[in-house]
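Scroll down for the structure; my scribbles are underneath it.
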Amino acid sequence: MDNRLSQREVEIFETMSVPKAVAALAVPTVISQIIAMVYNLADTWYIGQLNDTNMMAAVTLIFPVFLMLSALANLFGIGGASLLSRSLGEHNYARVREAGASSAWMAVAATLAYSLVTMIWRVPLLRMLGADDGTIDYASGYLFWTVAVGALPTVMNMVLAHLIRSEGASREASFGMSFGGLLNMLLDPFFIYDWGLGLKMEGAAIATCISNIAATSYLLYYLFRTRRENVISLSPKYFRFKRSVAGEIFFVGLPSSIQFMMSVLSNAVLNYLMAAYTASALSAVGIVKKVDMVPTYVVQGICNGVIPLLAYNYASGNYKRLWRCAYFAGVCSLCVTFSYLALCESFSPFIIRIFIDNARAVDLGAVFLRLHCMSTPFLAIFFLVIAFFQATGRGTPALFISFLRKGAIDIPFMIVMNVVWPMYGIMAVQPMMDFIVAVICLAIYRIVQKKDRRELELKKTA
């Protein structure tokens, strides 16, 4: 027998006021994103207290490799969640089950393959990313626990949260992710410092691995406990490797995955260029990237949180509610990013000093942060437009915008700017790129919205 959405879930999708509906789905997601951000920052802070620039540089070098796990999670998690929510809007419960099972099992297969390949070639990979004799042992140990052992629970934690959120159970999905983040923060000092196990940087990796295993276990338990009530199934018998299911998941999820993969490439080039200067410069970049998670994770939480709401209303033909929800989410995102911009421009040295007590790293980090934070308001526009296209099943424009923002243009710009304004010019590239991409995003969004308005008018006159 097909399960149905609960009365509260139907109310969120169909009748609740826009601010309340957005809050019901986005606030728990933002909270879980903030906790995930805090434990990422906590890793950097705990390691930074050891005052070893080689360790901090190693964390920075590994970041692109670890970021690929988020790319895999978004590929199958957001792709599956969008298809699942649109299927709910169409009341196609058979495809709901197929969407959940297919996205989960494709994520498992892809993650295991990535983990295996990464560990077989980890030494040449790290050398290519800029690791030297002072950083490679730290980087290799961290990579073993976070990718060889911890890749699968890390990816499945995010995939399952996306799927659970897609049926309106945002609080439950967010609790699972938050639980893992809080556990990581508690375990970090015990594994890192000498008064505990004294494993230093490798201890931080082990703590991350254990925390993700715990979070994934909770989400699996939730799905098992509520299997008679919820609409999601992970049973392999519902896996469908066909265009209307697996192909749709891949096509819609690919833009989010491209964002992360191109970020991996872009960050790798940035790290490589910075590694030519000093360990302090590379450490400063790593800290700026971590601090940049604050607006990025909050805005992603808002945008990812409303994807089920946008997808459901698009599939059910309620375009006016779809646009109102997107607009409200955009206003909230811009408020967050402008607040962050003001804070960083005013207190950048203090913010960098929180993470490391190295005069040169603080001086460089303060300038890097002031340059980099100028991109954040444009980032809000980018993430929301991408979320809108994914929710409505429009993979092509989302894929184009994702590819444009990272890798395709910013890498040549970084190389040129490094010559024009050595070292500092590299960090000035992202604000320029994000401004250009934001303008393109808004132009494409307006074209799509006009098309939807015409379709709505035709339906009214039919």
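Naming scheme: A, B, ... for chains in displayed order of the structure tokens; residues 1 onward per chain; ligands 1 onward as shown.
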Report the residues of stretch 101-177 of chain A whose backbone DSSP state falls under alpha helix (DSSP H), written as a VMD selection string. chain A and resid 101 to 120 122 to 128 136 to 143 151 to 166 170 to 177
Which residues are close to A:Thr226, i.e. within 12 Å by only C-alpha atoms, leaving aside same-chain residues fewer than 5 positions away? Reply as a list in words. Asn3, Ile164, Ala169, Glu172, Leu219, Leu220, Tyr221, Val231, Ile232 and Ser233 of chain A
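The neighbours of stretch 257-264 of chain A here are the residues that come within 8 Å of it, using only C-alpha atoms and leaving out any residue fewer than 3 positions away in the same chain; they are Phe63, Pro64, Val65, Leu67, Met68, Ser70, Ala71, Leu72, Ala73, Asn74, Leu75, Gly253, Leu254, Asn267, Ala268, Leu399, Ser402, Phe403, Arg405, Lys406 and Gly407 of chain A.
Remark: for A:Pro153, the closest of the candidate residues A:Leu223, A:Cys209, A:Ala109, A:Met201 is A:Cys209 (distances computed over only C-alpha atoms).
Going from atom CA of A:Ile447 to atom CA of A:Gly330 covers 17.5 Å.
Using only C-alpha atoms, the shortest contact distance between A:Leu371 and any of A:Met432, A:Ile401, A:Leu199, A:Leu322 is found at A:Met432.
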Taking only C-alpha atoms into account, which of A:Ala342, A:Ile426, A:Val298, A:Met106 comes nearest A:Met374? A:Ala342
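Proximity to A:Ala205 was assessed for A:Glu90, A:Asp43, A:Glu457, A:Asp410 counting only C-alpha atoms; the smallest distance is recorded for A:Asp43.
Residues in contact range of A:Gly134, defined as at most 12 Å between only C-alpha atoms, with sequence neighbours fewer than 2 positions away removed, read Asp52, Thr53, Asn54, Met55, Met56, Ala57, Ala58, Arg127, Gly130, Ala131, Asp132, Ile136, Asp137, Tyr138, Ala139, Ser140 and Ala279 of chain A.
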Could you dump the residues just selected with N, CA, C and O atoms as a PDB file, in the first residue's frame?
```pdb
ATOM      1  N   ASP A  52      51.296  24.947  14.182  1.00  0.00           N
ATOM      2  CA  ASP A  52      52.167  24.305  13.202  1.00  0.00           C
ATOM      3  C   ASP A  52      51.647  24.666  11.813  1.00  0.00           C
ATOM      4  O   ASP A  52      50.602  24.174  11.380  1.00  0.00           O
ATOM      5  N   THR A  53      52.365  25.549  11.109  1.00  0.00           N
ATOM      6  CA  THR A  53      51.891  26.001   9.800  1.00  0.00           C
ATOM      7  C   THR A  53      51.882  24.866   8.776  1.00  0.00           C
ATOM      8  O   THR A  53      51.106  24.910   7.816  1.00  0.00           O
ATOM      9  N   ASN A  54      52.720  23.843   8.966  1.00  0.00           N
ATOM     10  CA  ASN A  54      52.693  22.698   8.044  1.00  0.00           C
ATOM     11  C   ASN A  54      51.388  21.925   8.166  1.00  0.00           C
ATOM     12  O   ASN A  54      50.825  21.460   7.166  1.00  0.00           O
ATOM     13  N   MET A  55      50.902  21.779   9.396  1.00  0.00           N
ATOM     14  CA  MET A  55      49.612  21.108   9.596  1.00  0.00           C
ATOM     15  C   MET A  55      48.480  21.916   8.966  1.00  0.00           C
ATOM     16  O   MET A  55      47.594  21.374   8.293  1.00  0.00           O
ATOM     17  N   MET A  56      48.491  23.234   9.200  1.00  0.00           N
ATOM     18  CA  MET A  56      47.452  24.083   8.625  1.00  0.00           C
ATOM     19  C   MET A  56      47.516  24.066   7.099  1.00  0.00           C
ATOM     20  O   MET A  56      46.483  24.035   6.410  1.00  0.00           O
ATOM     21  N   ALA A  57      48.726  24.056   6.552  1.00  0.00           N
ATOM     22  CA  ALA A  57      48.883  23.987   5.099  1.00  0.00           C
ATOM     23  C   ALA A  57      48.368  22.657   4.564  1.00  0.00           C
ATOM     24  O   ALA A  57      47.738  22.591   3.503  1.00  0.00           O
ATOM     25  N   ALA A  58      48.613  21.557   5.325  1.00  0.00           N
ATOM     26  CA  ALA A  58      48.141  20.234   4.916  1.00  0.00           C
ATOM     27  C   ALA A  58      46.621  20.180   4.882  1.00  0.00           C
ATOM     28  O   ALA A  58      46.024  19.605   3.966  1.00  0.00           O
ATOM     29  N   ARG A 127      51.004  15.266  -4.103  1.00  0.00           N
ATOM     30  CA  ARG A 127      52.130  15.997  -4.691  1.00  0.00           C
ATOM     31  C   ARG A 127      51.632  16.964  -5.760  1.00  0.00           C
ATOM     32  O   ARG A 127      52.104  18.096  -5.857  1.00  0.00           O
ATOM     33  N   GLY A 130      50.302  20.126  -4.411  1.00  0.00           N
ATOM     34  CA  GLY A 130      51.276  21.059  -3.849  1.00  0.00           C
ATOM     35  C   GLY A 130      51.900  20.621  -2.544  1.00  0.00           C
ATOM     36  O   GLY A 130      52.621  21.397  -1.909  1.00  0.00           O
ATOM     37  N   ALA A 131      51.655  19.370  -2.103  1.00  0.00           N
ATOM     38  CA  ALA A 131      52.247  18.891  -0.853  1.00  0.00           C
ATOM     39  C   ALA A 131      53.756  18.750  -1.006  1.00  0.00           C
ATOM     40  O   ALA A 131      54.253  18.280  -2.038  1.00  0.00           O
ATOM     41  N   ASP A 132      54.494  19.163   0.031  1.00  0.00           N
ATOM     42  CA  ASP A 132      55.943  18.992   0.039  1.00  0.00           C
ATOM     43  C   ASP A 132      56.330  18.052   1.176  1.00  0.00           C
ATOM     44  O   ASP A 132      55.465  17.446   1.821  1.00  0.00           O
ATOM     45  N   ILE A 136      53.266  16.369   3.470  1.00  0.00           N
ATOM     46  CA  ILE A 136      52.666  15.189   2.840  1.00  0.00           C
ATOM     47  C   ILE A 136      52.274  14.107   3.850  1.00  0.00           C
ATOM     48  O   ILE A 136      51.243  13.440   3.692  1.00  0.00           O
ATOM     49  N   ASP A 137      53.061  13.899   4.907  1.00  0.00           N
ATOM     50  CA  ASP A 137      52.700  12.876   5.899  1.00  0.00           C
ATOM     51  C   ASP A 137      51.422  13.257   6.643  1.00  0.00           C
ATOM     52  O   ASP A 137      50.546  12.413   6.878  1.00  0.00           O
ATOM     53  N   TYR A 138      51.295  14.534   7.007  1.00  0.00           N
ATOM     54  CA  TYR A 138      50.075  15.001   7.665  1.00  0.00           C
ATOM     55  C   TYR A 138      48.861  14.822   6.742  1.00  0.00           C
ATOM     56  O   TYR A 138      47.803  14.339   7.157  1.00  0.00           O
ATOM     57  N   ALA A 139      49.038  15.223   5.486  1.00  0.00           N
ATOM     58  CA  ALA A 139      47.935  15.163   4.529  1.00  0.00           C
ATOM     59  C   ALA A 139      47.525  13.717   4.246  1.00  0.00           C
ATOM     60  O   ALA A 139      46.339  13.401   4.159  1.00  0.00           O
ATOM     61  N   SER A 140      48.496  12.833   4.115  1.00  0.00           N
ATOM     62  CA  SER A 140      48.209  11.431   3.811  1.00  0.00           C
ATOM     63  C   SER A 140      47.441  10.759   4.954  1.00  0.00           C
ATOM     64  O   SER A 140      46.488  10.007   4.720  1.00  0.00           O
ATOM     65  N   ALA A 279      54.310  29.057   3.655  1.00  0.00           N
ATOM     66  CA  ALA A 279      53.318  28.264   4.393  1.00  0.00           C
ATOM     67  C   ALA A 279      52.323  29.176   5.095  1.00  0.00           C
ATOM     68  O   ALA A 279      51.148  28.816   5.263  1.00  0.00           O
TER      69      ALA A 279
END
```
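Remark: for A:Tyr424, the closest of the candidate residues A:Asp363, A:Glu202, A:Glu11, A:Asp133 is A:Asp363 (distances computed over only C-alpha atoms).
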To one decimal in Å, tell me the separation between atom CA of A:Val416 and atom CA of A:Met433. 13.7 Å
Point-to-point distance in Å for atom CA of A:Val306 and atom CA of A:Ala23: 8.8 Å
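Shortest atom-to-atom contact with A:Met177 among A:Ala329, A:Leu369, A:Met427, A:Ala215: A:Ala215, counting only C-alpha atoms.
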I'd like the neighbourhood of A:Val331 as a PyMOL selection string, where a residue qualifies if any of its atoms comes within 12 Å (using only C-alpha atoms), though same-chain residues fewer than 4 positions away should be ignored. chain A and resi 19+22+299+302-303+324-327+335-338+377+380-381+384
Shell of 9 Å around A:Leu69, only C-alpha atoms, local chain residues under 6 positions omitted, as a ChimeraX atom specification: /A:111,114,147,151-152,154-155,260
Contacts of A:Ile356 at 8 Å or less, counting only C-alpha atoms, minus same-chain residues fewer than 5 places along, as a list in words? Trp45, Gly48, Gln49, Asn51, Ala361 and Val362 of chain A
Those same residues - N, CA and C atoms - I'd like them written as a CSV table (one decimal), in the first residue's frame.
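File result.csv, as written:
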```csv
chain,number,residue,atom,x,y,z
A,45,TRP,N,40.3,25.3,14.0
A,45,TRP,CA,40.7,26.0,15.2
A,45,TRP,C,41.6,25.1,16.1
A,48,GLY,N,44.8,24.6,14.6
A,48,GLY,CA,45.6,25.9,14.6
A,48,GLY,C,46.2,26.1,16.0
A,49,GLN,N,45.6,25.6,17.0
A,49,GLN,CA,46.2,25.9,18.4
A,49,GLN,C,47.5,25.1,18.6
A,51,ASN,N,49.8,25.5,16.5
A,51,ASN,CA,50.7,26.5,15.9
A,51,ASN,C,51.8,25.9,15.0
A,361,ALA,N,50.7,35.2,9.1
A,361,ALA,CA,49.4,34.6,8.7
A,361,ALA,C,48.2,35.5,8.9
A,362,VAL,N,48.2,36.1,10.1
A,362,VAL,CA,47.1,37.0,10.4
A,362,VAL,C,47.1,38.2,9.5
```
